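What follows is a short report on a single structure.
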Amino acid sequence: MNIKGIKNMMAVAFVGVAALCFTACSDDSTILGGSLHPDNPNPQQNTEADYDGILNKIYGNLALTGLSGPHGNSDLPSDIDEGMSVFMRVVWYANELSSDEALCAWLSDAGIPEFNRGTWADNHALLRGLYYRCMFGITLCNFFLENASSSIEEYSYKVAEVRFMRALYYYYLMDMYGNPPFVTSVTADAPAQATRQEVFEFVESELKDIIGEGTTSNVLAPAKSIKYGRADIVAGYMLLMRLYLNAEVYTGTAHWDDARTYAEKAIKSGYALSTTPLNGYSAYQLLFMGDNDTNGAQTEIVFPVLFDGELTQSWGGVFLAAGVVNADDIAAYPTGISANWGGIRAKPYFAQKWFTGEAPEGTPDDLIVAANDDRALFMTKNHTYDITKEDDFTQGYGYVKFLNTHADGSQIHNADHTDYDFPLFRLAEAYLSYAEADARLNGGNVSAAGLDYIKALRNRAHANSNMSVFSLQDIEDEWSREFGFEGRRRMDMIRFGDFTGSRRMWIGGTYTGGTMSAYRNLFPLPSSDLIANTNLKQNEGY
């Protein structure tokens with residue numbers, strides 16, 4: 001379908017599936033050990049469906065943008081910038097630049113100023129790219145589930161994994177857009193719109209089924225029993241936990257007890273916090289390094305978005321290492337990446353989680369010592385604390401969390417692209433989810449068990465853990481300290497009620513800032529899909 005030159009989302013997705021179904025693994029993902037970079041796969045010459053290839057594509061859709069890396073032959077319409085449609089990258093922009101943590105200087109990049117200023121609308125380029133990326137992933141999942149044969153090796157696990165991935169894509173659509181189109185089959189028909197409540201119930205039902213609490217025999221693999229990068233049962237626990245932790249936002253009904261239950265299941269599953277330093281790198285830093293699949297961090301990373309400097313290239317991996325430094329920063333603090341784009345830096349509110357006012361001048365090594373916290377990874381050398389100029393990268397502290405270097409001293413695969421895997425779910429989230437849900441069930445007071453989980457994270461970071469009381473405000477701040485720049489801050493602020501209505505710099509486009517209206521807790525559905533699908537109604541306020 002093509003209306004006013006805009007491709008219908010589902011038709012685009014179906015074409016992408018058709019090109020994949022009769023080829024070998026068509027992307028760079030190595031989750032299943034599939035072939036890499038095939039030379040011009042021709043569906044007219046190979047008519048046998050490769051469902052492992054499609055499964056690779058379903059996973060790869062989190063990190064990659066098309067059939068060639070780092071760009072070229074995009075999955076999405078040509079009017080969407082391919083590098084800016086990487087799932088992980090756009091999720092990060094939407095959740096961090098809109099929050100109290102990050103600001104970006106790239107004002108000529110479509111969509112960046114609107115995220116900085118809280119002025120996005122239904123024609124926002126990056127939100128459109130993310131929406132299409134999720135729907136493309138859902139269509140891939142629907143195709144697999146409709147067509148895959150039980151003769152496929154590990155069929156039961158793979159069906160459950162694809163259902164998990166479909167639930168994950170729908171979770172992000174529900175979280176960010178509220179009331180998305182909903183479809184569970186591959187069709188050229190325009191899908192109906194679902195309410196946020198309906199999507200919540202679908203995701204909940206799917207996840208409970210594939211962790212063995214429903215009727216299906218196709219359940220996720222036991223913890224850590226399949227290849228790193230694939231979803232096991234603990235990934236199911238973690239997504240269900242996150243769903244329940246935010247349930248009051250999504251449905252109006254709290255599920256704190258359920259959130260605590262699944263957090264505890266994840267904590268007791270066999271995964272463990274990364275607690276052993278390596279070659280001078282803290283256990284916390286290991287989680288965000290180029291060898292985080294082997295350096296010990298893999299004990300904590302439940303579900304990663306896989307990147308490899310040679311095998312899995314996209315502009316979605318590079319930006320978190322290259323985008324937060326300039327040439328002066330790299331000279332003072334090597335990051336293992338050749339690029340230095342100098343765009344993303346920390347707002348003062350984020351630095352205030354550790355420091356009262358300006359922090360000492362130095363590199364992240366110095367600031368860790370000054371803050372007595374391994375998570376204070378700020379670059380203050382050659383940076384100012386305040387941000388009076390939106391497009392001046394040196395205004396605002398750098399926050400250099402993701403390194404392409406390998407802690408074990410092994411060779412970086414490619415200095416132009418990153419090796420680190422992005423930890424979409426890591427066990428520390430279960431620790432804080434348990435503590436928060438526990439506090440909300442106890443009038444805002446964390447029990448001894450919940451406090452022990454907070455102390456475990458602070459002990460790992462060498463931060464003060466001699467507290468006897470930890471308030472809900474303290475927990476919100478701890479979410480920011482533990483998960484800063486990991487692409488989730490907006491979600492946490494909404495849950496705590498301070499995403500909108502709180503004055504922040506640059507909201508509205510001025511240094512003095514302003515507040516956002518409550519309707520901006522949701523992003524708008526793209527105008528392009530409202531045109532293409534008359535079943536859809538725009539979110540209130542847009």
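As shown in the structure tokens, the chain order sets the letters A, B, ...; within each chain, residues go from 1, and ligands are also counted from 1 in the order they appear.
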Val400 of chain A environment, 8 Å, only C-alpha atoms, sequence neighbours closer than 6 positions dropped, as a ChimeraX atom specification: /A:321,324-325,364,377-379
Write out the residues from the selection above, keeping N, CA and C atoms, as a CSV table (one decimal), in the first residue's frame.
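So part_20.csv came out as:
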chain,number,residue,atom,x,y,z
A,321,ALA,N,29.5,5.0,22.5
A,321,ALA,CA,31.0,5.2,22.8
A,321,ALA,C,31.5,6.5,22.1
A,324,VAL,N,29.7,10.3,23.0
A,324,VAL,CA,29.9,11.0,24.3
A,324,VAL,C,31.2,11.5,24.6
A,325,VAL,N,32.1,11.5,23.5
A,325,VAL,CA,33.5,12.0,23.6
A,325,VAL,C,33.8,12.9,22.4
A,364,PRO,N,37.0,10.0,34.1
A,364,PRO,CA,36.2,9.1,34.9
A,364,PRO,C,36.9,8.4,36.1
A,377,LEU,N,30.9,7.8,36.3
A,377,LEU,CA,31.9,7.8,35.2
A,377,LEU,C,31.9,9.1,34.3
A,378,PHE,N,32.0,10.2,35.0
A,378,PHE,CA,32.0,11.5,34.4
A,378,PHE,C,33.3,12.0,33.9
A,379,MET,N,33.3,12.6,32.7
A,379,MET,CA,34.4,13.3,32.2
A,379,MET,C,34.2,14.8,32.4
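Closest to Arg345 of chain A among A:Ala461, A:Ala359, A:Ile387, A:Leu140 is A:Ile387, based on only C-alpha atoms.
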Residue among A:Ser502, A:Ser205, A:Ser150, A:Asn56 lying closest to Phe164 of chain A, counting only C-alpha atoms: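 Comparing A:Ser502, A:Ser205, A:Ser150, A:Asn56 against Phe164 of chain A, the winner is A:Ser205.
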Using only C-alpha atoms, which protein or nucleic acid residues come within 10 Å of segment 297-304 of chain A? Drop anything in the same chain fewer than 2 positions from it, and give the result as a short mmCIF file (atom, residue, chain, number, x, y, z; two decimals) with all heavy atoms, in the first residue's frame.
data_model
loop_
_atom_site.label_atom_id
_atom_site.label_comp_id
_atom_site.auth_asym_id
_atom_site.auth_seq_id
_atom_site.Cartn_x
_atom_site.Cartn_y
_atom_site.Cartn_z
N TYR A 59 16.06 -11.42 16.11
CA TYR A 59 16.97 -10.91 17.14
C TYR A 59 17.78 -9.73 16.59
O TYR A 59 17.97 -8.72 17.27
CB TYR A 59 17.93 -12.01 17.59
CG TYR A 59 17.37 -12.96 18.62
CD1 TYR A 59 17.14 -14.31 18.29
CD2 TYR A 59 17.11 -12.56 19.91
CE1 TYR A 59 16.66 -15.21 19.24
CE2 TYR A 59 16.63 -13.45 20.86
CZ TYR A 59 16.40 -14.77 20.52
OH TYR A 59 15.92 -15.64 21.46
N LEU A 62 17.02 -5.84 16.68
CA LEU A 62 17.32 -4.96 17.81
C LEU A 62 18.56 -4.13 17.57
O LEU A 62 18.73 -3.06 18.16
CB LEU A 62 17.50 -5.78 19.08
CG LEU A 62 16.31 -6.59 19.58
CD1 LEU A 62 16.72 -7.46 20.76
CD2 LEU A 62 15.15 -5.69 19.96
N ALA A 223 17.33 -21.38 32.63
CA ALA A 223 18.32 -20.32 32.78
C ALA A 223 19.70 -20.76 32.29
O ALA A 223 20.19 -21.83 32.66
CB ALA A 223 18.41 -19.90 34.24
N LYS A 224 20.29 -19.95 31.42
CA LYS A 224 21.67 -20.10 30.96
C LYS A 224 21.94 -21.44 30.26
O LYS A 224 23.07 -21.90 30.23
CB LYS A 224 22.63 -19.92 32.15
CG LYS A 224 22.42 -18.61 32.90
CD LYS A 224 23.32 -18.48 34.11
CE LYS A 224 24.74 -18.16 33.69
NZ LYS A 224 25.58 -17.79 34.85
N TYR A 228 24.39 -17.68 24.66
CA TYR A 228 24.34 -16.28 25.08
C TYR A 228 23.76 -15.42 23.96
O TYR A 228 24.15 -15.54 22.80
CB TYR A 228 25.76 -15.84 25.42
CG TYR A 228 25.95 -14.36 25.65
CD1 TYR A 228 25.72 -13.79 26.90
CD2 TYR A 228 26.42 -13.55 24.62
CE1 TYR A 228 25.94 -12.44 27.11
CE2 TYR A 228 26.64 -12.19 24.83
CZ TYR A 228 26.40 -11.65 26.08
OH TYR A 228 26.61 -10.30 26.27
N GLY A 229 22.81 -14.57 24.33
CA GLY A 229 22.17 -13.71 23.34
C GLY A 229 20.76 -14.12 23.02
O GLY A 229 19.98 -13.30 22.52
N ARG A 230 20.42 -15.39 23.29
CA ARG A 230 19.05 -15.85 23.10
C ARG A 230 18.27 -15.71 24.41
O ARG A 230 18.85 -15.71 25.49
CB ARG A 230 19.04 -17.30 22.62
CG ARG A 230 19.58 -17.47 21.21
CD ARG A 230 19.77 -18.93 20.85
NE ARG A 230 18.52 -19.68 20.84
CZ ARG A 230 18.45 -21.00 20.62
NH1 ARG A 230 19.57 -21.71 20.40
NH2 ARG A 230 17.28 -21.62 20.62
N ALA A 231 16.98 -15.58 24.30
CA ALA A 231 16.13 -15.38 25.48
C ALA A 231 15.86 -16.70 26.18
O ALA A 231 15.32 -17.63 25.57
CB ALA A 231 14.81 -14.73 25.06
N ASP A 232 16.22 -16.80 27.43
CA ASP A 232 15.87 -17.96 28.25
C ASP A 232 14.75 -17.57 29.21
O ASP A 232 14.20 -16.46 29.13
CB ASP A 232 17.09 -18.54 28.97
CG ASP A 232 17.71 -17.58 29.99
OD1 ASP A 232 17.04 -16.60 30.39
OD2 ASP A 232 18.87 -17.80 30.39
N ILE A 233 14.40 -18.45 30.11
CA ILE A 233 13.25 -18.21 30.98
C ILE A 233 13.43 -16.98 31.86
O ILE A 233 12.45 -16.29 32.21
CB ILE A 233 12.96 -19.47 31.84
CG1 ILE A 233 11.56 -19.37 32.46
CG2 ILE A 233 14.04 -19.66 32.90
CD1 ILE A 233 11.09 -20.67 33.07
N VAL A 234 14.67 -16.63 32.18
CA VAL A 234 14.90 -15.48 33.04
C VAL A 234 14.62 -14.18 32.28
O VAL A 234 14.15 -13.19 32.87
CB VAL A 234 16.33 -15.49 33.61
CG1 VAL A 234 16.52 -14.38 34.64
CG2 VAL A 234 16.62 -16.84 34.27
N ALA A 235 14.85 -14.17 30.98
CA ALA A 235 14.44 -13.01 30.18
C ALA A 235 12.93 -12.83 30.29
O ALA A 235 12.43 -11.70 30.39
CB ALA A 235 14.86 -13.19 28.73
N GLY A 236 12.19 -13.95 30.30
CA GLY A 236 10.75 -13.88 30.49
C GLY A 236 10.38 -13.32 31.84
O GLY A 236 9.48 -12.47 31.96
N MET A 238 12.17 -11.30 33.62
CA MET A 238 12.56 -9.89 33.69
C MET A 238 11.58 -8.98 32.96
O MET A 238 11.23 -7.90 33.47
CB MET A 238 13.96 -9.72 33.10
CG MET A 238 15.07 -10.42 33.86
SD MET A 238 15.54 -9.62 35.41
CE MET A 238 16.48 -8.23 34.82
N ALA A 266 13.90 -14.05 39.23
CA ALA A 266 15.09 -13.75 38.44
C ALA A 266 16.34 -13.79 39.32
O ALA A 266 17.37 -14.36 38.92
CB ALA A 266 14.95 -12.38 37.78
N ILE A 267 16.25 -13.21 40.52
CA ILE A 267 17.41 -13.15 41.41
C ILE A 267 17.88 -14.55 41.80
O ILE A 267 19.08 -14.81 41.91
CB ILE A 267 17.06 -12.32 42.66
CG1 ILE A 267 16.87 -10.85 42.28
CG2 ILE A 267 18.13 -12.46 43.73
CD1 ILE A 267 16.23 -10.00 43.36
N GLY A 270 20.00 -18.26 39.04
CA GLY A 270 21.31 -18.75 38.65
C GLY A 270 22.19 -17.68 38.04
O GLY A 270 23.41 -17.84 37.95
N TYR A 271 21.59 -16.58 37.58
CA TYR A 271 22.39 -15.42 37.18
C TYR A 271 22.93 -14.76 38.44
O TYR A 271 22.38 -14.92 39.54
CB TYR A 271 21.54 -14.43 36.38
CG TYR A 271 21.30 -14.86 34.95
CD1 TYR A 271 20.22 -15.69 34.63
CD2 TYR A 271 22.15 -14.45 33.93
CE1 TYR A 271 20.00 -16.10 33.33
CE2 TYR A 271 21.92 -14.85 32.61
CZ TYR A 271 20.85 -15.67 32.32
OH TYR A 271 20.63 -16.07 31.03
N ALA A 272 24.00 -13.98 38.30
CA ALA A 272 24.61 -13.35 39.46
C ALA A 272 25.20 -12.00 39.07
O ALA A 272 25.59 -11.79 37.92
CB ALA A 272 25.71 -14.24 40.04
N LEU A 273 25.27 -11.09 40.02
CA LEU A 273 25.89 -9.80 39.75
C LEU A 273 27.35 -9.98 39.35
O LEU A 273 28.04 -10.87 39.85
CB LEU A 273 25.84 -8.91 40.99
CG LEU A 273 24.48 -8.44 41.50
CD1 LEU A 273 24.68 -7.50 42.69
CD2 LEU A 273 23.68 -7.74 40.41
N SER A 274 27.80 -9.12 38.46
CA SER A 274 29.22 -9.05 38.14
C SER A 274 29.92 -8.37 39.31
O SER A 274 29.66 -7.21 39.61
CB SER A 274 29.41 -8.22 36.86
OG SER A 274 30.77 -7.84 36.68
N THR A 275 30.77 -9.10 40.01
CA THR A 275 31.38 -8.56 41.25
C THR A 275 32.90 -8.67 41.27
O THR A 275 33.53 -8.20 42.22
CB THR A 275 30.83 -9.29 42.49
OG1 THR A 275 31.06 -10.69 42.37
CG2 THR A 275 29.33 -9.03 42.64
N THR A 276 33.50 -9.25 40.24
CA THR A 276 34.95 -9.46 40.27
C THR A 276 35.64 -8.51 39.30
O THR A 276 35.44 -8.60 38.08
CB THR A 276 35.29 -10.91 39.89
OG1 THR A 276 34.59 -11.81 40.76
CG2 THR A 276 36.79 -11.16 40.01
N PRO A 277 36.48 -7.59 39.79
CA PRO A 277 37.21 -6.69 38.88
C PRO A 277 38.18 -7.47 38.00
O PRO A 277 38.53 -8.63 38.30
CB PRO A 277 37.96 -5.76 39.84
CG PRO A 277 37.31 -5.94 41.18
CD PRO A 277 36.78 -7.34 41.20
N ALA A 283 34.14 -4.13 38.56
CA ALA A 283 33.14 -5.12 38.16
C ALA A 283 31.97 -4.44 37.46
O ALA A 283 31.37 -5.01 36.54
CB ALA A 283 32.66 -5.89 39.38
N TYR A 284 31.64 -3.22 37.88
CA TYR A 284 30.55 -2.48 37.24
C TYR A 284 30.95 -2.09 35.82
O TYR A 284 30.17 -2.26 34.87
CB TYR A 284 30.22 -1.24 38.05
CG TYR A 284 29.06 -0.43 37.49
CD1 TYR A 284 27.75 -0.85 37.68
CD2 TYR A 284 29.28 0.74 36.78
CE1 TYR A 284 26.68 -0.11 37.18
CE2 TYR A 284 28.23 1.48 36.27
CZ TYR A 284 26.93 1.05 36.47
OH TYR A 284 25.88 1.77 35.96
N GLN A 285 32.16 -1.59 35.62
CA GLN A 285 32.60 -1.17 34.29
C GLN A 285 32.63 -2.35 33.32
O GLN A 285 32.36 -2.18 32.12
CB GLN A 285 33.99 -0.54 34.38
CG GLN A 285 34.56 -0.07 33.04
CD GLN A 285 33.79 1.07 32.43
OE1 GLN A 285 34.00 2.22 32.78
NE2 GLN A 285 32.90 0.77 31.48
N LEU A 286 32.91 -3.54 33.80
CA LEU A 286 32.99 -4.71 32.92
C LEU A 286 31.69 -4.93 32.16
O LEU A 286 31.69 -5.49 31.05
CB LEU A 286 33.32 -5.97 33.73
CG LEU A 286 34.69 -6.02 34.39
CD1 LEU A 286 34.83 -7.32 35.19
CD2 LEU A 286 35.82 -5.90 33.38
N LEU A 287 30.57 -4.48 32.73
CA LEU A 287 29.27 -4.68 32.09
C LEU A 287 29.13 -3.95 30.77
O LEU A 287 28.28 -4.29 29.95
CB LEU A 287 28.15 -4.20 33.04
CG LEU A 287 27.92 -5.03 34.29
CD1 LEU A 287 27.17 -4.21 35.34
CD2 LEU A 287 27.16 -6.30 33.96
N PHE A 288 30.00 -2.96 30.54
CA PHE A 288 29.82 -2.06 29.40
C PHE A 288 31.09 -1.98 28.55
O PHE A 288 31.40 -0.96 27.96
CB PHE A 288 29.42 -0.67 29.91
CG PHE A 288 28.34 -0.72 30.95
CD1 PHE A 288 28.64 -0.55 32.29
CD2 PHE A 288 27.02 -0.99 30.60
CE1 PHE A 288 27.66 -0.63 33.26
CE2 PHE A 288 26.03 -1.09 31.56
CZ PHE A 288 26.34 -0.90 32.89
N MET A 289 31.81 -3.10 28.46
CA MET A 289 33.07 -3.14 27.71
C MET A 289 32.98 -4.08 26.52
O MET A 289 32.06 -4.89 26.41
CB MET A 289 34.21 -3.53 28.64
CG MET A 289 34.43 -2.53 29.77
SD MET A 289 35.92 -2.85 30.74
CE MET A 289 37.22 -2.50 29.52
N ASP A 291 34.36 -6.73 25.69
CA ASP A 291 34.36 -8.18 25.92
C ASP A 291 33.36 -8.56 27.01
O ASP A 291 33.57 -9.52 27.75
CB ASP A 291 35.76 -8.68 26.27
CG ASP A 291 36.34 -8.00 27.51
OD1 ASP A 291 35.79 -6.96 27.96
OD2 ASP A 291 37.36 -8.49 28.04
N ASN A 292 32.25 -7.82 27.11
CA ASN A 292 31.31 -8.10 28.20
C ASN A 292 30.55 -9.41 28.03
O ASN A 292 29.77 -9.79 28.90
CB ASN A 292 30.34 -6.94 28.44
CG ASN A 292 29.46 -6.61 27.24
OD1 ASN A 292 29.62 -7.17 26.16
ND2 ASN A 292 28.55 -5.66 27.42
N ASP A 293 30.80 -10.11 26.93
CA ASP A 293 30.22 -11.45 26.79
C ASP A 293 31.12 -12.52 27.39
O ASP A 293 30.71 -13.68 27.52
CB ASP A 293 29.95 -11.76 25.32
CG ASP A 293 31.19 -11.69 24.45
OD1 ASP A 293 32.15 -10.96 24.81
OD2 ASP A 293 31.22 -12.34 23.39
N THR A 294 32.35 -12.15 27.78
CA THR A 294 33.30 -13.15 28.30
C THR A 294 34.06 -12.70 29.54
O THR A 294 34.74 -13.52 30.17
CB THR A 294 34.34 -13.51 27.22
OG1 THR A 294 35.04 -12.32 26.80
CG2 THR A 294 33.68 -14.16 26.00
N ASN A 295 34.00 -11.42 29.91
CA ASN A 295 34.88 -10.91 30.97
C ASN A 295 34.34 -11.11 32.39
O ASN A 295 34.93 -10.63 33.35
CB ASN A 295 35.21 -9.43 30.73
CG ASN A 295 33.99 -8.52 30.83
OD1 ASN A 295 32.96 -8.88 31.40
ND2 ASN A 295 34.09 -7.32 30.27
N LEU A 306 23.17 -7.77 20.76
CA LEU A 306 24.51 -8.18 20.38
C LEU A 306 25.12 -7.25 19.33
O LEU A 306 24.48 -6.92 18.33
CB LEU A 306 24.49 -9.60 19.81
CG LEU A 306 24.00 -10.71 20.73
CD1 LEU A 306 24.07 -12.05 20.02
CD2 LEU A 306 24.81 -10.74 22.02
N PHE A 307 26.37 -6.85 19.59
CA PHE A 307 27.16 -6.12 18.61
C PHE A 307 28.53 -6.77 18.51
O PHE A 307 29.02 -7.37 19.47
CB PHE A 307 27.33 -4.65 19.02
CG PHE A 307 26.08 -3.83 18.90
CD1 PHE A 307 25.33 -3.54 20.03
CD2 PHE A 307 25.66 -3.35 17.68
CE1 PHE A 307 24.18 -2.78 19.93
CE2 PHE A 307 24.50 -2.60 17.57
CZ PHE A 307 23.76 -2.31 18.70
N TYR A 420 31.05 -4.17 22.29
CA TYR A 420 30.24 -4.40 23.49
C TYR A 420 28.80 -4.73 23.12
O TYR A 420 28.24 -4.23 22.16
CB TYR A 420 30.27 -3.21 24.44
CG TYR A 420 29.81 -1.89 23.87
CD1 TYR A 420 28.47 -1.64 23.62
CD2 TYR A 420 30.72 -0.87 23.62
CE1 TYR A 420 28.04 -0.42 23.11
CE2 TYR A 420 30.31 0.35 23.11
CZ TYR A 420 28.96 0.57 22.86
OH TYR A 420 28.55 1.77 22.35
N ASP A 421 28.21 -5.61 23.90
CA ASP A 421 26.79 -5.92 23.79
C ASP A 421 26.03 -4.99 24.73
O ASP A 421 26.47 -4.73 25.85
CB ASP A 421 26.52 -7.38 24.17
CG ASP A 421 27.28 -8.35 23.28
OD1 ASP A 421 27.46 -8.05 22.09
OD2 ASP A 421 27.71 -9.39 23.80
N PHE A 422 24.89 -4.51 24.28
CA PHE A 422 24.10 -3.61 25.11
C PHE A 422 23.21 -4.46 26.02
O PHE A 422 22.38 -5.24 25.55
CB PHE A 422 23.24 -2.69 24.25
CG PHE A 422 22.48 -1.67 25.04
CD1 PHE A 422 23.06 -0.45 25.37
CD2 PHE A 422 21.19 -1.93 25.51
CE1 PHE A 422 22.37 0.49 26.12
CE2 PHE A 422 20.50 -1.00 26.26
CZ PHE A 422 21.09 0.22 26.57
N PRO A 423 23.34 -4.32 27.35
CA PRO A 423 22.55 -5.16 28.27
C PRO A 423 21.11 -4.64 28.41
O PRO A 423 20.82 -3.81 29.25
CB PRO A 423 23.32 -5.05 29.59
CG PRO A 423 24.03 -3.74 29.52
CD PRO A 423 24.31 -3.47 28.06
N LEU A 424 20.22 -5.16 27.58
CA LEU A 424 18.83 -4.72 27.62
C LEU A 424 18.17 -5.13 28.94
O LEU A 424 17.35 -4.40 29.49
CB LEU A 424 18.06 -5.29 26.43
CG LEU A 424 16.75 -4.60 26.07
CD1 LEU A 424 16.99 -3.17 25.63
CD2 LEU A 424 16.03 -5.37 24.95
N PHE A 425 18.52 -6.32 29.43
CA PHE A 425 18.10 -6.76 30.76
C PHE A 425 19.33 -7.30 31.48
O PHE A 425 20.03 -8.18 30.95
CB PHE A 425 17.05 -7.88 30.68
CG PHE A 425 15.71 -7.45 30.17
CD1 PHE A 425 15.35 -7.66 28.85
CD2 PHE A 425 14.80 -6.83 31.02
CE1 PHE A 425 14.12 -7.26 28.38
CE2 PHE A 425 13.57 -6.42 30.55
CZ PHE A 425 13.22 -6.64 29.23
N ARG A 426 19.59 -6.75 32.65
CA ARG A 426 20.64 -7.31 33.51
C ARG A 426 20.10 -7.47 34.92
O ARG A 426 19.16 -6.78 35.32
CB ARG A 426 21.92 -6.48 33.45
CG ARG A 426 21.81 -5.03 33.86
CD ARG A 426 23.15 -4.32 33.67
NE ARG A 426 23.12 -2.92 34.04
CZ ARG A 426 23.40 -2.45 35.25
NH1 ARG A 426 23.74 -3.30 36.23
NH2 ARG A 426 23.37 -1.16 35.51
N LEU A 427 20.71 -8.36 35.67
CA LEU A 427 20.12 -8.81 36.93
C LEU A 427 19.95 -7.68 37.93
O LEU A 427 19.04 -7.73 38.77
CB LEU A 427 20.97 -9.93 37.54
CG LEU A 427 20.32 -10.69 38.69
CD1 LEU A 427 19.09 -11.45 38.21
CD2 LEU A 427 21.33 -11.65 39.33
N ALA A 428 20.79 -6.66 37.86
CA ALA A 428 20.65 -5.54 38.81
C ALA A 428 19.26 -4.93 38.75
O ALA A 428 18.77 -4.41 39.76
CB ALA A 428 21.71 -4.48 38.50
N GLU A 429 18.60 -4.99 37.60
CA GLU A 429 17.24 -4.46 37.49
C GLU A 429 16.29 -5.22 38.42
O GLU A 429 15.37 -4.62 39.00
CB GLU A 429 16.74 -4.54 36.05
CG GLU A 429 15.34 -3.99 35.86
CD GLU A 429 14.87 -4.01 34.41
OE1 GLU A 429 15.71 -4.20 33.50
OE2 GLU A 429 13.65 -3.85 34.19
#
Shell of 12 Å around Ile210 of chain A, only C-alpha atoms, local chain residues under 4 positions omitted, as an MDAnalysis selection string: chainID A and resid 156:167 203:206 214:222 231:237 239:240
Within 7 Å of segment 97-106 of chain A using only C-alpha atoms, minus same-chain residues under 5 positions, as a CSV table (one decimal) with C-alpha atoms, in the first residue's frame:
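Below you can see around26.csv, which holds the result:
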chain,number,residue,atom,x,y,z
A,112,ILE,CA,17.2,15.6,18.3
A,115,PHE,CA,13.8,15.4,22.2
A,116,ASN,CA,16.0,18.0,24.0
A,118,GLY,CA,10.1,18.2,24.9
A,343,GLY,CA,27.3,15.2,21.1
A,344,ILE,CA,25.7,13.6,24.1
A,345,ARG,CA,26.5,14.8,27.6
A,346,ALA,CA,25.0,14.8,31.1
A,347,LYS,CA,22.6,17.4,32.4
A,349,TYR,CA,20.6,16.9,37.4
A,350,PHE,CA,22.3,13.6,36.6
A,390,GLU,CA,22.4,23.6,23.7
A,391,ASP,CA,24.8,22.9,20.8
A,392,ASP,CA,28.1,23.2,22.7
A,393,PHE,CA,29.2,19.7,23.6
A,489,ARG,CA,15.3,6.9,32.5
A,490,ARG,CA,12.0,8.3,31.0
A,499,PHE,CA,8.7,13.2,34.0
